[in-house]
Amino acid sequence: RNVDAALGIVSEVIRTPSFPQAEFEREKQNLLANLQQQNNNPNAVGARVRSLLAFGREHPYGRPSQGFPSTVESITREDVARHWQERVKPGSSVLIFVGGLTLDEATKLAEKHFGPWAGGASPEIAIGPPQMAAAGKIYLVDRQDAAQTVVTQFLAAPAVGHADDDALTLADSVYGGGGFGTRLNLNLREDKGYSYGAFSSLVQFTGGGIWYGGGGVQTDKTAESVAEFVQELKGLAGDRPIAEPELESSRLRRLRGTSQEYEAYANVGGKIATLWLQKRPLSELQAEPDRIAQVPLAATNAAAAKWARPEKASIVVVGDRGKIEEKLKALNLGEVVVLDVEGREVGK
């Protein structure tokens, strides 16, 4: 009942934003405070450094979307207003409605509130190849007196739309992305008791991707946990191929979970927006689960062996350096490189 009035406000904000100086300053200070809080959060630091190492400091996927304190400090209200004028264009936008209205009703609302909006499209942004940091190393970020250590092992993953997407999705579901009963979690939580939870994630963009496993572990079990992450990746790469029961269990969890992705209107809109941004057809909403249901075991293991390459992996460890560094070196898994919270090598 409020969609007409609400869309009028959205249109005004999109088409004629004013960026009041006082509001700009408030948001800037809020962001700076949030960045400072992130520096004290090992999970946030680990995620930030992981992306910087996986894609490169100057790569769009590597740079933190919220920036660094140094980059945020230099931004002015005029920078924001200029960026809006240059990048926010009707030809580069989409309007997505999810709810109790027809296409005809949605079209009339769009014409009413956005019909006068002119300005063409903004230029496409070129996404270059990732510049991944040297593999085979342990990158250590010191957080003195941290309650636990955050460990992440990561690899390059294919860009979205790759022929291995579906098989790799299932391999990830077995590895750590399929909930509680996955290899990583059963090992580090249930068997060893080193962690409250260890999981993995396969993240694919239009210009590249990252596949990582990780979790928070006991400080005094940091080295042992790193060794288990390495062992599990080797297993997935071929030392312990995925078995039929593992695959079917993961496939079932994945397919049953699909319905949950449509429980909230915002989720539906988000899935549509993602496909639009990736220039993929809306038919993928149904086609992907249909394909997942048919991926054979051999293809899943082949994708795992192709992309789970231990020699291509890197490890990020965020924790108390004084308590964990020497034990990490004793693992002989590669050079231990100490970084600061912004991913810069300490001492250089």
# chains A, B, ... in the order shown; residues from 1 in each chain; ligands from 1
>>> closest_atom_pairs(of="range 207-317 of chain A", to="range 35-43 of chain A", cutoff="10 Å", atoms="only C-alpha atoms", output="Markdown table")
| residue | atom | partner | partner_atom | distance |
| --- | --- | --- | --- | --- |
| A:Gly214 | CA | A:Asn43 | CA | 9.9 |
| A:Gly215 | CA | A:Asn43 | CA | 8.5 |
| A:Gly216 | CA | A:Asn43 | CA | 7.9 |
| A:Val317 | CA | A:Pro42 | CA | 9.1 |
>>> residues_around(residues="Asp145 in chain A", least_positions_apart="6", cutoff="12 Å", atoms="only C-alpha atoms", output="ChimeraX atom specification")
/A:40-42,219,318-324
>>> write_last_selection(atoms="N, CA and C atoms", output="mmCIF file, in the first residue's frame")
data_model
loop_
_atom_site.group_PDB
_atom_site.id
_atom_site.type_symbol
_atom_site.label_atom_id
_atom_site.label_comp_id
_atom_site.auth_asym_id
_atom_site.auth_seq_id
_atom_site.Cartn_x
_atom_site.Cartn_y
_atom_site.Cartn_z
ATOM 1 N N ASN A 40 40.539 -4.445 15.548
ATOM 2 C CA ASN A 40 40.599 -5.192 16.799
ATOM 3 C C ASN A 40 39.830 -6.504 16.738
ATOM 4 N N ASN A 41 39.320 -6.838 15.550
ATOM 5 C CA ASN A 41 38.537 -8.064 15.365
ATOM 6 C C ASN A 41 39.329 -9.016 14.473
ATOM 7 N N PRO A 42 39.904 -10.090 15.025
ATOM 8 C CA PRO A 42 40.726 -10.992 14.213
ATOM 9 C C PRO A 42 39.995 -11.559 12.995
ATOM 10 N N THR A 219 44.382 -20.835 20.814
ATOM 11 C CA THR A 219 45.724 -20.295 20.595
ATOM 12 C C THR A 219 46.792 -21.369 20.741
ATOM 13 N N VAL A 318 45.828 -15.011 12.109
ATOM 14 C CA VAL A 318 45.692 -13.785 12.900
ATOM 15 C C VAL A 318 45.627 -14.185 14.366
ATOM 16 N N GLY A 319 46.657 -13.815 15.141
ATOM 17 C CA GLY A 319 46.690 -14.214 16.538
ATOM 18 C C GLY A 319 47.884 -13.625 17.250
ATOM 19 N N ASP A 320 48.136 -14.100 18.435
ATOM 20 C CA ASP A 320 49.212 -13.596 19.274
ATOM 21 C C ASP A 320 50.547 -14.150 18.774
ATOM 22 N N ARG A 321 51.303 -13.293 18.102
ATOM 23 C CA ARG A 321 52.550 -13.722 17.461
ATOM 24 C C ARG A 321 53.514 -14.368 18.437
ATOM 25 N N GLY A 322 53.621 -13.786 19.633
ATOM 26 C CA GLY A 322 54.567 -14.297 20.606
ATOM 27 C C GLY A 322 54.285 -15.722 21.029
ATOM 28 N N LYS A 323 53.044 -16.149 20.921
ATOM 29 C CA LYS A 323 52.652 -17.485 21.368
ATOM 30 C C LYS A 323 52.611 -18.517 20.241
ATOM 31 N N ILE A 324 52.576 -18.057 18.977
ATOM 32 C CA ILE A 324 52.321 -19.008 17.886
ATOM 33 C C ILE A 324 53.390 -19.039 16.792
#
>>> select_by_dssp(residues="range 111-293 of chain A", states="strand (DSSP E or B)", output="ChimeraX atom specification")
/A:138-142,149-157,195-205,208-217
>>> residues_around(residues="range 163-176 of chain A", least_positions_apart="3", cutoff="7 Å", atoms="only C-alpha atoms", output="number ranges by chain")
A: 179, 182-185, 199-202, 213, 246-247, 250-251, 292, 295, 299-300, 303-304
>>> atom_distance(atom1="CA of Gln148 in chain A", atom2="CA of Gln218 in chain A")
5.1 Å
>>> closest_residue(among="A:Val49, A:Leu95, A:Ala106, A:Val151", to="Ala133 in chain A", atoms="only C-alpha atoms")
A:Val49
>>> atom_distance(atom1="CA of Ala146 in chain A", atom2="CA of Leu333 in chain A")
23.2 Å
>>> atom_distance(atom1="CA of Asp220 in chain A", atom2="CA of Gly197 in chain A")
16.3 Å
>>> closest_residue(among="A:Thr206, A:Gln294, A:Ser70, A:Ser249", to="Arg280 in chain A", atoms="only C-alpha atoms")
A:Thr206
>>> select_by_dssp(residues="range 132-340 of chain A", states="helix (DSSP H, G or I)", output="number ranges by chain")
A: 165-177, 183-191, 219-239, 244-262, 265-277, 284-292, 297-307, 310-312, 321-330
>>> residues_around(residues="Glu248 in chain A", least_positions_apart="4", cutoff="10 Å", atoms="only C-alpha atoms", output="PyMOL selection string")
chain A and resi 170+174+243-244+252-254+293+296-297
>>> write_last_selection(atoms="all heavy atoms", output="mmCIF file, in the first residue's frame")
data_model
loop_
_atom_site.group_PDB
_atom_site.id
_atom_site.type_symbol
_atom_site.label_atom_id
_atom_site.label_comp_id
_atom_site.auth_asym_id
_atom_site.auth_seq_id
_atom_site.Cartn_x
_atom_site.Cartn_y
_atom_site.Cartn_z
ATOM 1 N N LEU A 170 29.707 -28.533 -5.201
ATOM 2 C CA LEU A 170 29.486 -29.749 -4.422
ATOM 3 C C LEU A 170 30.749 -30.170 -3.666
ATOM 4 O O LEU A 170 30.672 -30.634 -2.525
ATOM 5 C CB LEU A 170 29.005 -30.873 -5.335
ATOM 6 C CG LEU A 170 27.556 -30.749 -5.798
ATOM 7 C CD1 LEU A 170 27.233 -31.796 -6.855
ATOM 8 C CD2 LEU A 170 26.602 -30.884 -4.614
ATOM 9 N N VAL A 174 31.208 -30.592 0.542
ATOM 10 C CA VAL A 174 31.816 -31.697 1.291
ATOM 11 C C VAL A 174 32.955 -31.179 2.170
ATOM 12 O O VAL A 174 33.104 -31.568 3.335
ATOM 13 C CB VAL A 174 32.344 -32.784 0.333
ATOM 14 C CG1 VAL A 174 33.153 -33.839 1.095
ATOM 15 C CG2 VAL A 174 31.190 -33.431 -0.424
ATOM 16 N N ALA A 243 33.704 -39.534 -1.309
ATOM 17 C CA ALA A 243 32.986 -40.802 -1.459
ATOM 18 C C ALA A 243 31.530 -40.535 -1.829
ATOM 19 O O ALA A 243 31.006 -39.445 -1.585
ATOM 20 C CB ALA A 243 33.057 -41.605 -0.162
ATOM 21 N N GLU A 244 30.897 -41.524 -2.417
ATOM 22 C CA GLU A 244 29.511 -41.374 -2.874
ATOM 23 C C GLU A 244 28.574 -40.922 -1.743
ATOM 24 O O GLU A 244 27.769 -40.007 -1.942
ATOM 25 C CB GLU A 244 29.012 -42.678 -3.478
ATOM 26 C CG GLU A 244 27.671 -42.569 -4.187
ATOM 27 C CD GLU A 244 27.771 -41.840 -5.514
ATOM 28 O OE1 GLU A 244 28.699 -42.134 -6.286
ATOM 29 O OE2 GLU A 244 26.915 -40.964 -5.770
ATOM 30 N N LEU A 252 22.076 -33.362 -1.183
ATOM 31 C CA LEU A 252 20.747 -33.262 -0.595
ATOM 32 C C LEU A 252 20.614 -32.011 0.265
ATOM 33 O O LEU A 252 19.601 -31.308 0.205
ATOM 34 C CB LEU A 252 20.458 -34.509 0.240
ATOM 35 C CG LEU A 252 19.011 -34.739 0.668
ATOM 36 C CD1 LEU A 252 18.082 -34.796 -0.537
ATOM 37 C CD2 LEU A 252 18.896 -36.018 1.483
ATOM 38 N N ARG A 253 21.641 -31.727 1.077
ATOM 39 C CA ARG A 253 21.607 -30.507 1.890
ATOM 40 C C ARG A 253 21.516 -29.277 1.012
ATOM 41 O O ARG A 253 20.782 -28.337 1.303
ATOM 42 C CB ARG A 253 22.858 -30.423 2.773
ATOM 43 C CG ARG A 253 22.848 -31.324 3.974
ATOM 44 C CD ARG A 253 23.891 -30.879 5.001
ATOM 45 N NE ARG A 253 25.241 -30.829 4.439
ATOM 46 C CZ ARG A 253 26.091 -31.847 4.470
ATOM 47 N NH1 ARG A 253 25.719 -32.999 5.018
ATOM 48 N NH2 ARG A 253 27.301 -31.719 3.969
ATOM 49 N N ARG A 254 22.263 -29.308 -0.064
ATOM 50 C CA ARG A 254 22.280 -28.157 -0.971
ATOM 51 C C ARG A 254 20.914 -27.948 -1.614
ATOM 52 O O ARG A 254 20.392 -26.833 -1.670
ATOM 53 C CB ARG A 254 23.335 -28.395 -2.050
ATOM 54 C CG ARG A 254 23.449 -27.304 -3.089
ATOM 55 C CD ARG A 254 24.301 -26.175 -2.602
ATOM 56 N NE ARG A 254 24.363 -25.099 -3.588
ATOM 57 C CZ ARG A 254 25.055 -23.985 -3.408
ATOM 58 N NH1 ARG A 254 25.742 -23.812 -2.296
ATOM 59 N NH2 ARG A 254 25.069 -23.047 -4.318
ATOM 60 N N ALA A 293 21.701 -31.317 -9.149
ATOM 61 C CA ALA A 293 21.088 -32.632 -8.901
ATOM 62 C C ALA A 293 21.691 -33.720 -9.776
ATOM 63 O O ALA A 293 21.554 -34.908 -9.457
ATOM 64 C CB ALA A 293 19.579 -32.545 -9.131
ATOM 65 N N PRO A 296 27.833 -35.866 -11.452
ATOM 66 C CA PRO A 296 28.288 -37.188 -10.995
ATOM 67 C C PRO A 296 29.490 -37.094 -10.059
ATOM 68 O O PRO A 296 30.179 -36.068 -9.992
ATOM 69 C CB PRO A 296 28.670 -37.893 -12.305
ATOM 70 C CG PRO A 296 29.022 -36.785 -13.236
ATOM 71 C CD PRO A 296 28.151 -35.616 -12.869
ATOM 72 N N LEU A 297 29.747 -38.163 -9.346
ATOM 73 C CA LEU A 297 30.853 -38.220 -8.398
ATOM 74 C C LEU A 297 32.188 -37.974 -9.099
ATOM 75 O O LEU A 297 33.040 -37.242 -8.577
ATOM 76 C CB LEU A 297 30.868 -39.587 -7.706
ATOM 77 C CG LEU A 297 32.017 -39.833 -6.722
ATOM 78 C CD1 LEU A 297 31.970 -38.853 -5.566
ATOM 79 C CD2 LEU A 297 31.971 -41.275 -6.212
#
>>> residues_around(residues="Gln131 in chain A", least_positions_apart="5", cutoff="10 Å", atoms="only C-alpha atoms", output="list in words")
Leu52, Leu53, Ala54, Phe55, Gly56, Arg57, Glu58, His59 and Gly62 of chain A
>>> residues_around(residues="range 192-194 of chain A", least_positions_apart="3", cutoff="8 Å", atoms="only C-alpha atoms", output="PyMOL selection string")
chain A and resi 187-189+217-218+221+225
>>> closest_residue(among="A:Gly235, A:Leu103, A:Phe205, A:Ala81", to="Ile127 in chain A", atoms="only C-alpha atoms")
A:Phe205
>>> residues_around(residues="Phe24 in chain A", least_positions_apart="2", cutoff="12 Å", atoms="only C-alpha atoms", output="JSON, numbers by chain")
{"A": [17, 18, 19, 20, 21, 22, 26, 27, 28, 29, 30, 31, 72, 75, 76, 77, 78, 79, 80, 81]}
